[in-house]
file my_file_7.csv (CSV, C-alpha atoms and all ligand atoms)
chain,number,residue,atom,x,y,z
A,32,MET,CA,70.3,-230.4,-78.0
A,33,ASN,CA,73.9,-230.8,-76.6
A,34,THR,CA,74.4,-231.8,-73.0
A,35,ALA,CA,77.6,-231.7,-70.9
A,36,ILE,CA,77.9,-234.2,-68.1
A,37,ILE,CA,80.3,-233.0,-65.5
A,38,VAL,CA,81.5,-235.8,-63.3
A,39,ALA,CA,82.2,-234.6,-59.8
A,40,ALA,CA,81.4,-237.8,-57.9
A,41,GLY,CA,85.0,-238.7,-56.8
A,42,THR,CA,86.1,-238.5,-53.2
A,43,GLY,CA,89.5,-237.0,-54.1
A,44,THR,CA,91.4,-239.3,-51.7
A,45,ARG,CA,94.8,-238.3,-53.3
A,46,PHE,CA,94.1,-234.6,-52.6
A,47,GLY,CA,94.1,-234.8,-48.8
A,48,GLY,CA,92.1,-232.7,-46.4
A,49,ASP,CA,88.4,-233.0,-45.4
A,50,THR,CA,86.9,-231.0,-48.3
A,51,PRO,CA,86.1,-233.1,-51.5
A,52,LYS,CA,88.4,-231.8,-54.2
A,53,GLN,CA,85.6,-230.3,-56.3
A,54,PHE,CA,84.7,-227.9,-53.5
A,55,VAL,CA,88.3,-226.7,-52.9
A,56,ALA,CA,88.7,-223.0,-53.8
A,57,LEU,CA,90.6,-222.1,-56.9
A,58,ALA,CA,91.1,-218.3,-57.1
A,59,GLY,CA,88.3,-217.9,-54.5
A,60,ARG,CA,85.7,-220.2,-56.1
A,61,PRO,CA,85.1,-223.9,-56.0
A,62,ILE,CA,86.9,-226.0,-58.7
A,63,LEU,CA,83.5,-227.4,-59.7
A,64,THR,CA,82.1,-223.8,-60.2
A,65,HIS,CA,85.0,-223.0,-62.6
A,66,SER,CA,84.3,-226.2,-64.6
A,67,ILE,CA,80.5,-225.6,-64.9
A,68,GLU,CA,81.2,-222.0,-65.9
A,69,LYS,CA,83.3,-223.1,-68.9
A,70,PHE,CA,80.4,-225.2,-70.3
A,71,ASP,CA,77.8,-222.6,-69.3
A,72,SER,CA,79.6,-220.0,-71.4
A,73,CYS,CA,80.2,-222.3,-74.4
A,74,ASP,CA,77.6,-221.6,-77.2
A,75,ALA,CA,77.8,-225.3,-78.4
A,76,VAL,CA,76.4,-226.6,-75.1
A,77,ASP,CA,72.7,-226.3,-74.3
A,78,SER,CA,72.4,-227.9,-70.9
A,79,ILE,CA,74.5,-229.3,-68.1
A,80,VAL,CA,74.2,-232.3,-65.8
A,81,VAL,CA,76.4,-232.5,-62.7
A,82,VAL,CA,77.0,-235.9,-61.2
A,83,ALA,CA,77.8,-235.6,-57.5
A,84,ALA,CA,78.6,-238.1,-54.8
A,85,LYS,CA,75.5,-238.9,-52.7
A,86,GLU,CA,76.9,-237.3,-49.5
A,87,ALA,CA,77.7,-234.1,-51.4
A,88,ILE,CA,74.5,-233.8,-53.4
A,89,GLU,CA,73.0,-231.0,-51.2
A,90,SER,CA,76.2,-229.0,-51.3
A,91,VAL,CA,76.3,-229.2,-55.1
A,92,ARG,CA,72.7,-228.3,-55.4
A,93,SER,CA,73.2,-225.1,-53.2
A,94,LEU,CA,76.4,-224.3,-55.1
A,95,VAL,CA,74.5,-224.5,-58.4
A,96,GLY,CA,71.5,-222.6,-57.0
A,97,ALA,CA,73.7,-219.7,-55.8
A,98,ALA,CA,75.8,-219.5,-59.0
A,99,GLU,CA,72.8,-218.6,-61.3
A,100,PHE,CA,74.2,-220.2,-64.4
A,101,ALA,CA,72.6,-219.2,-67.7
A,102,LYS,CA,71.9,-222.7,-68.8
A,103,PRO,CA,69.8,-225.4,-67.1
A,104,VAL,CA,71.9,-227.4,-64.6
A,105,GLU,CA,70.6,-230.7,-63.3
A,106,VAL,CA,72.3,-232.4,-60.4
A,107,VAL,CA,72.2,-236.2,-60.2
A,108,ILE,CA,73.7,-238.7,-57.8
A,109,GLY,CA,76.9,-240.6,-58.9
A,110,GLY,CA,77.8,-244.3,-58.5
A,111,ALA,CA,80.6,-246.4,-57.1
A,112,THR,CA,82.7,-246.2,-60.3
A,113,ARG,CA,83.5,-243.6,-62.9
A,114,ALA,CA,81.3,-245.5,-65.5
A,115,GLU,CA,78.4,-245.8,-63.1
A,116,SER,CA,78.5,-242.1,-62.4
A,117,THR,CA,78.6,-241.3,-66.1
A,118,GLN,CA,75.7,-243.7,-66.7
A,119,ASN,CA,73.7,-241.9,-64.1
A,120,GLY,CA,74.4,-238.6,-65.8
A,121,LEU,CA,73.6,-240.1,-69.2
A,122,ASN,CA,70.2,-241.3,-67.8
A,123,ALA,CA,69.3,-237.7,-67.3
A,124,VAL,CA,69.9,-237.0,-71.0
A,125,LYS,CA,66.6,-237.4,-72.8
A,126,GLY,CA,66.3,-238.9,-76.3
A,127,SER,CA,69.0,-239.9,-78.6
A,128,GLU,CA,69.6,-236.7,-80.6
A,129,GLY,CA,72.6,-234.3,-80.3
A,130,ILE,CA,75.9,-234.6,-78.6
A,131,VAL,CA,76.8,-235.5,-75.1
A,132,LEU,CA,80.1,-234.3,-73.6
A,133,VAL,CA,81.6,-236.0,-70.5
A,134,HIS,CA,84.0,-233.9,-68.4
A,135,ASP,CA,86.0,-234.3,-65.2
A,136,ALA,CA,85.1,-231.6,-62.7
A,137,ALA,CA,88.7,-231.6,-61.7
A,138,ARG,CA,89.7,-230.0,-65.1
A,139,PRO,CA,88.6,-226.4,-64.5
A,140,LEU,CA,91.1,-224.9,-66.9
A,141,VAL,CA,89.7,-226.3,-70.1
A,142,SER,CA,89.2,-223.7,-72.7
A,143,VAL,CA,85.8,-222.8,-74.0
A,144,ASP,CA,87.0,-223.0,-77.6
A,145,ASP,CA,88.4,-226.5,-77.0
A,146,ILE,CA,85.0,-227.6,-75.7
A,147,ARG,CA,83.4,-226.2,-78.9
A,148,GLN,CA,86.0,-228.1,-81.1
A,149,VAL,CA,85.2,-231.3,-79.3
A,150,VAL,CA,81.4,-230.8,-80.0
A,151,ARG,CA,82.1,-230.0,-83.7
A,152,ALA,CA,84.3,-233.1,-84.1
A,153,ALA,CA,81.7,-235.3,-82.3
A,154,GLU,CA,79.0,-233.9,-84.7
A,155,GLU,CA,81.2,-234.8,-87.7
A,156,PHE,CA,82.8,-238.1,-86.6
A,157,GLY,CA,80.4,-239.4,-83.9
A,158,ALA,CA,83.0,-239.4,-81.2
A,159,ALA,CA,85.9,-237.1,-80.2
A,160,CYS,CA,88.4,-236.8,-77.4
A,161,LEU,CA,90.4,-233.8,-76.2
A,162,ALA,CA,94.0,-235.0,-75.9
A,163,ALA,CA,97.5,-233.7,-75.4
A,164,PRO,CA,100.9,-234.9,-76.7
A,165,LEU,CA,103.3,-236.3,-74.2
A,166,ALA,CA,106.3,-234.2,-73.2
A,167,ASP,CA,108.2,-237.0,-71.4
A,168,THR,CA,109.8,-240.0,-73.0
A,169,VAL,CA,107.7,-243.0,-72.2
A,170,LYS,CA,109.0,-246.4,-71.1
A,171,ARG,CA,107.4,-249.7,-70.6
A,172,VAL,CA,108.5,-250.9,-67.2
A,173,ALA,CA,108.3,-254.3,-65.5
A,174,ASP,CA,109.8,-255.4,-62.2
A,175,GLY,CA,111.2,-251.9,-61.7
A,176,GLU,CA,113.2,-252.1,-64.9
A,177,ILE,CA,112.8,-250.5,-68.3
A,178,ARG,CA,111.8,-253.1,-70.9
A,179,GLU,CA,111.2,-250.8,-73.8
A,180,THR,CA,111.2,-247.2,-75.0
A,181,ILE,CA,107.9,-246.4,-76.7
A,182,ASP,CA,107.7,-244.0,-79.6
A,183,ARG,CA,105.8,-241.1,-78.0
A,184,LYS,CA,104.8,-239.7,-81.4
A,185,GLN,CA,102.2,-242.3,-81.4
A,186,LEU,CA,101.0,-241.5,-77.9
A,187,MET,CA,98.7,-238.8,-76.5
A,188,SER,CA,97.2,-238.4,-73.1
A,189,ALA,CA,93.4,-238.5,-73.2
A,190,GLN,CA,91.7,-235.6,-71.4
A,191,THR,CA,88.1,-234.4,-71.1
A,192,PRO,CA,85.7,-233.3,-72.4
A,193,GLN,CA,85.1,-236.4,-74.5
A,194,GLY,CA,82.1,-236.0,-76.9
A,195,PHE,CA,79.8,-238.5,-78.5
A,196,SER,CA,76.6,-238.6,-80.3
A,197,VAL,CA,74.0,-239.4,-77.6
A,198,ASP,CA,72.9,-242.5,-79.5
A,199,LEU,CA,76.5,-243.9,-79.6
A,200,LEU,CA,77.3,-243.4,-75.9
A,201,LYS,CA,73.9,-244.8,-74.9
A,202,ARG,CA,74.6,-247.9,-77.1
A,203,ALA,CA,78.1,-248.2,-75.5
A,204,PHE,CA,76.6,-248.2,-72.0
A,205,ALA,CA,73.8,-250.6,-73.0
A,206,SER,CA,76.3,-253.1,-74.5
A,207,ASP,CA,77.8,-255.9,-72.5
A,208,LEU,CA,81.0,-254.2,-71.6
A,209,ASP,CA,83.1,-254.4,-68.4
A,210,LEU,CA,82.2,-250.9,-67.1
A,211,ALA,CA,84.0,-251.4,-63.8
A,212,THR,CA,87.4,-251.1,-65.5
A,213,ALA,CA,86.7,-248.2,-67.8
A,214,THR,CA,88.5,-245.0,-66.8
A,215,ASP,CA,87.1,-243.0,-69.6
A,216,GLU,CA,84.2,-243.0,-72.0
A,217,CYS,CA,86.2,-243.2,-75.2
A,218,SER,CA,87.5,-246.7,-74.2
A,219,LEU,CA,83.8,-247.9,-74.1
A,220,VAL,CA,83.0,-246.6,-77.6
A,221,GLU,CA,86.4,-247.9,-78.9
A,222,LYS,CA,85.3,-251.4,-77.8
A,223,LEU,CA,82.2,-251.0,-79.9
A,224,GLY,CA,84.5,-250.5,-82.9
A,225,ALA,CA,83.7,-246.8,-83.3
A,226,ASN,CA,86.3,-244.3,-84.4
A,227,VAL,CA,87.2,-241.5,-82.0
A,228,LYS,CA,88.5,-238.2,-83.5
A,229,VAL,CA,91.4,-236.6,-81.5
A,230,VAL,CA,91.1,-232.9,-80.8
A,231,ALA,CA,94.4,-231.4,-79.7
A,232,ALA,CA,94.1,-229.3,-76.5
A,233,THR,CA,95.2,-225.7,-77.0
A,234,SER,CA,95.5,-224.8,-73.4
A,235,LEU,CA,96.7,-226.3,-70.2
A,236,ASN,CA,93.8,-228.6,-69.3
A,237,MET,CA,95.4,-230.2,-66.2
A,238,LYS,CA,93.5,-232.5,-63.9
A,239,ILE,CA,93.8,-231.1,-60.4
A,240,THR,CA,94.8,-234.2,-58.3
A,241,THR,CA,97.2,-232.9,-55.7
A,242,GLN,CA,97.9,-229.7,-53.7
A,243,GLU,CA,100.8,-229.0,-56.1
A,244,ASP,CA,98.4,-229.2,-59.0
A,245,LEU,CA,96.2,-226.6,-57.3
A,246,LYS,CA,99.1,-224.2,-56.9
A,247,ILE,CA,99.9,-224.5,-60.6
A,248,ALA,CA,96.2,-224.0,-61.6
A,249,GLU,CA,96.0,-220.9,-59.3
A,250,ALA,CA,98.8,-219.4,-61.4
A,251,PHE,CA,96.9,-220.0,-64.6
A,252,VAL,CA,93.3,-219.2,-63.7
A,253,ALA,CA,91.9,-215.8,-64.7
A,254,ASP,CA,89.8,-214.4,-61.9
A,255,GLY,CA,87.7,-212.2,-64.2
A,256,ARG,CA,88.5,-209.0,-62.3
A,257,ASP,CA,89.6,-205.7,-63.7
A,258,HIS,CA,93.1,-205.1,-62.2
A,259,ARG,CA,93.6,-201.6,-63.6
A,260,PRO,CA,94.0,-198.9,-60.9
A,261,ARG,CA,91.5,-196.0,-61.0
A,262,ILE,CA,92.1,-192.3,-60.5
A,263,GLY,CA,89.7,-189.7,-59.1
A,264,TYR,CA,89.6,-186.0,-58.7
A,265,GLY,CA,87.5,-183.9,-56.4
A,266,THR,CA,87.1,-180.2,-55.5
A,267,ASP,CA,85.1,-178.3,-53.0
A,268,LEU,CA,84.5,-174.6,-52.0
A,269,HIS,CA,82.7,-173.1,-49.0
A,270,ARG,CA,82.0,-169.5,-48.1
A,271,LEU,CA,83.6,-168.2,-44.9
A,272,GLU,CA,81.8,-166.1,-42.2
A,273,PRO,CA,82.8,-164.7,-38.9
A,274,GLY,CA,82.8,-167.3,-36.1
A,275,GLY,CA,84.9,-170.4,-35.4
A,276,PRO,CA,86.4,-172.8,-35.2
A,277,LEU,CA,87.3,-173.6,-38.8
A,278,LYS,CA,87.0,-177.3,-39.7
A,279,VAL,CA,89.6,-178.4,-42.3
A,280,GLY,CA,90.9,-181.9,-42.8
A,281,GLY,CA,89.0,-183.1,-39.7
A,282,VAL,CA,90.9,-180.6,-37.5
A,283,ALA,CA,89.0,-177.8,-35.7
A,284,ILE,CA,91.3,-174.9,-36.1
A,285,ASP,CA,90.9,-172.1,-33.5
A,286,CYS,CA,90.1,-169.1,-35.7
A,287,ASP,CA,87.8,-166.1,-36.1
A,288,LEU,CA,86.3,-167.6,-39.3
A,289,GLN,CA,84.1,-170.6,-40.0
A,290,ALA,CA,82.9,-172.3,-43.1
A,291,VAL,CA,79.3,-171.9,-44.2
A,292,GLY,CA,77.8,-175.3,-45.0
A,293,HIS,CA,75.0,-177.8,-44.4
A,294,SER,CA,77.5,-180.2,-42.7
A,295,ASP,CA,80.6,-179.0,-40.9
A,296,GLY,CA,81.8,-177.5,-44.2
A,297,ASP,CA,85.1,-179.3,-44.3
A,298,VAL,CA,86.4,-178.6,-47.8
A,299,LEU,CA,89.3,-181.1,-47.7
A,300,LEU,CA,87.2,-184.0,-46.5
A,301,HIS,CA,84.6,-183.2,-49.1
A,302,ALA,CA,87.1,-183.0,-51.9
A,303,VAL,CA,88.7,-186.3,-50.9
A,304,THR,CA,85.3,-187.9,-50.7
A,305,ASP,CA,84.4,-186.7,-54.2
A,306,ALA,CA,87.8,-187.9,-55.5
A,307,ILE,CA,87.1,-191.4,-54.2
A,308,LEU,CA,83.6,-191.5,-55.5
A,309,GLY,CA,84.9,-190.1,-58.8
A,310,ALA,CA,87.5,-192.9,-59.1
A,311,LEU,CA,84.7,-195.4,-58.6
A,312,SER,CA,82.5,-193.6,-61.2
A,313,GLU,CA,79.9,-193.5,-58.4
A,314,GLY,CA,78.6,-189.9,-58.7
A,315,ASP,CA,79.5,-187.2,-56.1
A,316,ILE,CA,79.1,-186.3,-52.5
A,317,GLY,CA,75.7,-184.6,-53.2
A,318,SER,CA,74.2,-187.7,-54.8
A,319,HIS,CA,75.2,-189.8,-51.7
A,320,PHE,CA,74.7,-187.3,-48.9
A,321,ALA,CA,72.1,-184.7,-50.1
A,322,ASP,CA,72.4,-181.3,-48.5
A,323,SER,CA,68.6,-181.3,-48.3
A,324,ASP,CA,68.7,-184.3,-45.9
A,325,GLU,CA,68.4,-183.1,-42.2
A,326,LYS,CA,70.5,-186.2,-41.2
A,327,TRP,CA,73.6,-184.4,-42.5
A,328,ARG,CA,73.0,-181.0,-40.9
A,329,GLY,CA,76.2,-180.1,-39.0
A,330,ALA,CA,77.5,-183.6,-39.7
A,331,ASP,CA,81.1,-184.5,-39.0
A,332,SER,CA,82.4,-184.9,-42.6
A,333,ARG,CA,84.6,-187.9,-41.6
A,334,VAL,CA,81.5,-190.0,-42.1
A,335,PHE,CA,81.4,-189.1,-45.8
A,336,ILE,CA,84.9,-190.4,-46.4
A,337,GLU,CA,84.2,-193.5,-44.3
A,338,ARG,CA,81.2,-194.3,-46.5
A,339,ALA,CA,83.2,-193.7,-49.7
A,340,VAL,CA,86.0,-196.0,-48.5
A,341,GLU,CA,83.4,-198.6,-47.6
A,342,LEU,CA,81.9,-198.3,-51.0
A,343,ALA,CA,85.3,-198.7,-52.6
A,344,ALA,CA,85.9,-201.8,-50.6
A,345,ASP,CA,82.6,-203.2,-51.7
A,346,LEU,CA,83.6,-202.7,-55.3
A,347,GLY,CA,87.0,-204.3,-54.7
A,348,PHE,CA,89.3,-201.2,-54.3
A,349,VAL,CA,91.5,-199.6,-51.6
A,350,VAL,CA,92.9,-196.1,-51.6
A,351,GLY,CA,96.5,-196.3,-52.8
A,352,SER,CA,97.6,-192.7,-53.0
A,353,LEU,CA,96.2,-189.3,-52.1
A,354,ASP,CA,97.3,-185.8,-52.9
A,355,ALA,CA,95.4,-182.6,-52.0
A,356,VAL,CA,95.7,-178.8,-52.0
A,357,ILE,CA,93.9,-176.4,-49.6
A,358,ASP,CA,93.4,-172.8,-50.8
A,359,LEU,CA,93.0,-170.5,-47.9
A,360,GLU,CA,94.3,-167.0,-47.1
A,361,ARG,CA,94.4,-167.4,-43.3
A,362,PRO,CA,94.9,-168.9,-40.8
A,363,LYS,CA,98.2,-170.6,-41.7
A,364,ILE,CA,97.5,-174.3,-42.4
A,365,ARG,CA,101.0,-175.7,-42.3
A,366,PRO,CA,101.1,-176.3,-38.5
A,367,PHE,CA,98.0,-178.6,-38.9
A,368,ILE,CA,99.0,-180.6,-42.0
A,369,ASP,CA,100.5,-183.6,-40.2
A,370,GLU,CA,97.4,-183.9,-38.0
A,371,MET,CA,95.2,-183.8,-41.1
A,372,ARG,CA,97.4,-186.5,-42.8
A,373,GLN,CA,97.0,-188.6,-39.7
A,374,ILE,CA,93.2,-188.2,-39.7
A,375,LEU,CA,93.1,-189.1,-43.5
A,376,SER,CA,95.3,-192.1,-42.9
A,377,GLU,CA,92.9,-193.4,-40.3
A,378,LEU,CA,89.9,-192.7,-42.5
A,379,THR,CA,91.3,-194.2,-45.7
A,380,GLY,CA,93.4,-197.0,-44.3
A,381,LEU,CA,96.3,-195.6,-46.3
A,382,GLU,CA,99.8,-195.2,-44.7
A,383,ILE,CA,100.6,-191.6,-43.9
A,384,GLY,CA,103.7,-191.6,-46.3
A,385,ARG,CA,101.2,-191.9,-49.2
A,386,ILE,CA,99.2,-188.9,-48.2
A,387,SER,CA,100.2,-185.4,-49.3
A,388,ILE,CA,98.5,-182.2,-48.3
A,389,LYS,CA,99.7,-178.8,-49.5
A,390,ALA,CA,98.4,-175.3,-48.7
A,391,LYS,CA,98.2,-172.2,-51.0
A,392,THR,CA,97.0,-168.7,-50.4
A,393,GLY,CA,95.1,-166.5,-52.9
A,394,GLU,CA,97.8,-163.8,-52.8
A,395,GLY,CA,95.2,-161.3,-51.4
A,396,MET,CA,93.1,-161.6,-54.6
A,397,GLY,CA,89.6,-162.9,-55.3
A,398,PRO,CA,87.3,-164.7,-52.9
A,399,ILE,CA,90.1,-166.9,-51.4
A,400,GLY,CA,92.6,-164.0,-51.1
A,401,GLU,CA,89.9,-161.8,-49.4
A,402,SER,CA,89.0,-164.6,-47.0
A,403,ARG,CA,85.5,-164.8,-48.3
A,404,ALA,CA,85.9,-168.5,-49.1
A,405,LEU,CA,88.2,-171.5,-48.9
A,406,SER,CA,88.5,-174.4,-51.3
A,407,ALA,CA,90.3,-177.7,-51.7
A,408,THR,CA,91.2,-180.1,-54.5
A,409,ALA,CA,92.2,-183.7,-54.2
A,410,THR,CA,93.4,-186.6,-56.4
A,411,VAL,CA,93.3,-190.2,-55.2
A,412,LEU,CA,94.5,-193.4,-56.8
A,413,LEU,CA,92.5,-196.6,-56.0
A,414,PHE,CA,94.1,-200.0,-56.3
A,415,PRO,CA,92.2,-203.3,-56.7
A,416,SER,CA,92.2,-204.9,-53.2
A,417,LYS,CA,93.9,-208.3,-53.0
A,418,GLY,CA,92.2,-211.6,-52.4
A,419,GLN,CA,88.6,-210.7,-53.4
B,501,MG,MG,81.3,-179.2,-49.4
call {"tool": "encode", "arguments": {"input": "my_file_7.csv", "output": "structure tokens", "more": "lines below"}}
Ligand code: MG
result
Amino acid sequence: MNTAIIVAAGTGTRFGGDTPKQFVALAGRPILTHSIEKFDSCDAVDSIVVVAAKEAIESVRSLVGAAEFAKPVEVVIGGATRAESTQNGLNAVKGSEGIVLVHDAARPLVSVDDIRQVVRAAEEFGAACLAAPLADTVKRVADGEIRETIDRKQLMSAQTPQGFSVDLLKRAFASDLDLATATDECSLVEKLGANVKVVAATSLNMKITTQEDLKIAEAFVADGRDHRPRIGYGTDLHRLEPGGPLKVGGVAIDCDLQAVGHSDGDVLLHAVTDAILGALSEGDIGSHFADSDEKWRGADSRVFIERAVELAADLGFVVGSLDAVIDLERPKIRPFIDEMRQILSELTGLEIGRISIKAKTGEGMGPIGESRALSATATVLLFPSKGQ
């Protein structure tokens, strides 16, 4: 049974603002959520304990409740110092078997594989620490002056997670050590004389301390979304009968023909709706707006596109490009094309310059050419919407 204690009890005074650092959004979700997710998705971890400041405990509980993590996540109240908070988290770990990991909530970029390597090293050596080499030359300074240049080959910066056999960490906390000055758990087990294995971090595992850190982390965090555009294709055909007006592209064209249909029979709006639904892999117009449903009898087909665009937005997409062809012998469509483009622009939220509508005749042949029917085809490109 391996448990990860995620310490989120700090007040983040260096970060500024009213929101405690662990609740600040990173790529749209709290930093703490990112950190918990890393341990939740690591196969070497069985359960998670989050240590939260007393005043934030309800916020953390609701965050954990809403996130639906796969593993059990317990929330406990932190203490006045780092060591007290870890101690409270450790008190929630039952027994003395297995490995306990301690992690700073402010390190959301830790890699799942690095977590696994720390667990493996702790299992083998009893204690392990994720650490990174130093890039800067390090100086010992006194009174504002350099006293010594320290060989940085011998130095690494200790990160988290730090992993221990449960028994060892419990012994460290039970021993008579000065917990108030401990800034990490390794230093406690080092004082017991235990060896701590170093695991070199393979990814940027920065601690988010300032607003600048947050900007850097934003550039690195993966948001888990599919950013590939999606293309959709739609067609429609309706019979023509004597009457009028003829609805095409949302325009009621004064004419001696009208489309036969359950709704207003607007082939262009139906084809565009099908293209949007097709790009989303969400069936077709018939599966969303059944022609057996009295609700849609004589319906203005604009509602179909509006619903399809809403569905796209719900799934994280916007219409990015639209190209369509209307096949109709008469009347001439060209005088109405710009009005149709304007209507489609309003319906899709796409600027008019990205909307193309062309018109073809049937050269006097077949159902189109003999004005027994009209049809339309449409292609749309959907882009992932920003900021979701
Ligand atoms: Mg139709």
call {"tool": "closest_atom_pairs", "arguments": {"input": "my_file_7.csv", "of": "chain A", "to": "ligand MG 501 (chain B)", "cutoff": "9 Å", "atoms": "all atoms listed in the file", "output": "JSON lines"}}
result
{"residue": "A:Thr266", "atom": "CA", "partner": "B:MG501", "partner_atom": "MG", "distance": 8.5}
{"residue": "A:Asp267", "atom": "CA", "partner": "B:MG501", "partner_atom": "MG", "distance": 5.3}
{"residue": "A:Leu268", "atom": "CA", "partner": "B:MG501", "partner_atom": "MG", "distance": 6.2}
{"residue": "A:His269", "atom": "CA", "partner": "B:MG501", "partner_atom": "MG", "distance": 6.3}
{"residue": "A:Gly292", "atom": "CA", "partner": "B:MG501", "partner_atom": "MG", "distance": 6.8}
{"residue": "A:His293", "atom": "CA", "partner": "B:MG501", "partner_atom": "MG", "distance": 8.2}
{"residue": "A:Ser294", "atom": "CA", "partner": "B:MG501", "partner_atom": "MG", "distance": 7.8}
{"residue": "A:Asp295", "atom": "CA", "partner": "B:MG501", "partner_atom": "MG", "distance": 8.5}
{"residue": "A:Gly296", "atom": "CA", "partner": "B:MG501", "partner_atom": "MG", "distance": 5.5}
{"residue": "A:Asp297", "atom": "CA", "partner": "B:MG501", "partner_atom": "MG", "distance": 6.4}
{"residue": "A:Val298", "atom": "CA", "partner": "B:MG501", "partner_atom": "MG", "distance": 5.4}
{"residue": "A:Leu299", "atom": "CA", "partner": "B:MG501", "partner_atom": "MG", "distance": 8.4}
{"residue": "A:Leu300", "atom": "CA", "partner": "B:MG501", "partner_atom": "MG", "distance": 8.1}
{"residue": "A:His301", "atom": "CA", "partner": "B:MG501", "partner_atom": "MG", "distance": 5.2}
{"residue": "A:Ala302", "atom": "CA", "partner": "B:MG501", "partner_atom": "MG", "distance": 7.4}
{"residue": "A:Ile316", "atom": "CA", "partner": "B:MG501", "partner_atom": "MG", "distance": 8.1}
{"residue": "A:Gly317", "atom": "CA", "partner": "B:MG501", "partner_atom": "MG", "distance": 8.7}
{"residue": "A:Ser332", "atom": "CA", "partner": "B:MG501", "partner_atom": "MG", "distance": 8.9}
{"residue": "A:Ser406", "atom": "CA", "partner": "B:MG501", "partner_atom": "MG", "distance": 8.9}
call {"tool": "write_last_selection", "arguments": {"input": "my_file_7.csv", "atoms": "C-alpha atoms", "output": "tab-separated table (two decimals), keeping the file's coordinate frame"}}
result
chain	number	residue	atom	x	y	z
A	266	THR	CA	87.10	-180.20	-55.50
A	267	ASP	CA	85.10	-178.30	-53.00
A	268	LEU	CA	84.50	-174.60	-52.00
A	269	HIS	CA	82.70	-173.10	-49.00
A	292	GLY	CA	77.80	-175.30	-45.00
A	293	HIS	CA	75.00	-177.80	-44.40
A	294	SER	CA	77.50	-180.20	-42.70
A	295	ASP	CA	80.60	-179.00	-40.90
A	296	GLY	CA	81.80	-177.50	-44.20
A	297	ASP	CA	85.10	-179.30	-44.30
A	298	VAL	CA	86.40	-178.60	-47.80
A	299	LEU	CA	89.30	-181.10	-47.70
A	300	LEU	CA	87.20	-184.00	-46.50
A	301	HIS	CA	84.60	-183.20	-49.10
A	302	ALA	CA	87.10	-183.00	-51.90
A	316	ILE	CA	79.10	-186.30	-52.50
A	317	GLY	CA	75.70	-184.60	-53.20
A	332	SER	CA	82.40	-184.90	-42.60
A	406	SER	CA	88.50	-174.40	-51.30
call {"tool": "closest_residue", "arguments": {"input": "my_file_7.csv", "among": "A:Pro273, A:Gly129, A:Pro139, A:Pro362", "to": "Ser66 of chain A", "atoms": "only C-alpha atoms"}}
result
A:Pro139
call {"tool": "residues_around", "arguments": {"input": "my_file_7.csv", "residues": "segment 167-175 of chain A", "least_positions_apart": "2", "cutoff": "12 Å", "atoms": "all atoms listed in the file", "output": "list in words"}}
result
Ala163, Pro164, Leu165, Ile177, Arg178, Glu179, Thr180, Ile181, Asp182, Arg183, Lys184, Gln185, Leu186, Met187 and Ser188 of chain A
call {"tool": "closest_residue", "arguments": {"input": "my_file_7.csv", "among": "A:Thr392, A:Ser402, A:Gln190, A:Thr233", "to": "Cys217 of chain A", "atoms": "all atoms listed in the file"}}
result
A:Gln190
call {"tool": "closest_residue", "arguments": {"input": "my_file_7.csv", "among": "A:Phe156, A:Phe195, A:Phe100, A:Phe251", "to": "Val141 of chain A", "atoms": "all atoms listed in the file"}}
result
A:Phe251
call {"tool": "closest_residue", "arguments": {"input": "my_file_7.csv", "among": "A:Thr212, A:Gln242, A:Asn226, A:Ser352", "to": "Glu155 of chain A", "atoms": "all atoms listed in the file"}}
result
A:Asn226
call {"tool": "residues_around", "arguments": {"input": "my_file_7.csv", "residues": "Thr214 of chain A", "least_positions_apart": "5", "cutoff": "12 Å", "atoms": "all atoms listed in the file", "output": "list in words"}}
result
Thr112, Arg113, Ala114, Glu115, Ser116, Thr117, Val133, Asp135, Ala189, Gln190, Thr191, Asp209 and Leu219 of chain A
call {"tool": "residues_near_point", "arguments": {"input": "my_file_7.csv", "point": "(92.4, -198.0, -59.9)", "cutoff": "7 Å", "atoms": "only C-alpha atoms", "output": "list in words"}}
result
Arg259, Pro260, Arg261, Ile262, Leu412, Leu413, Phe414 and Pro415 of chain A
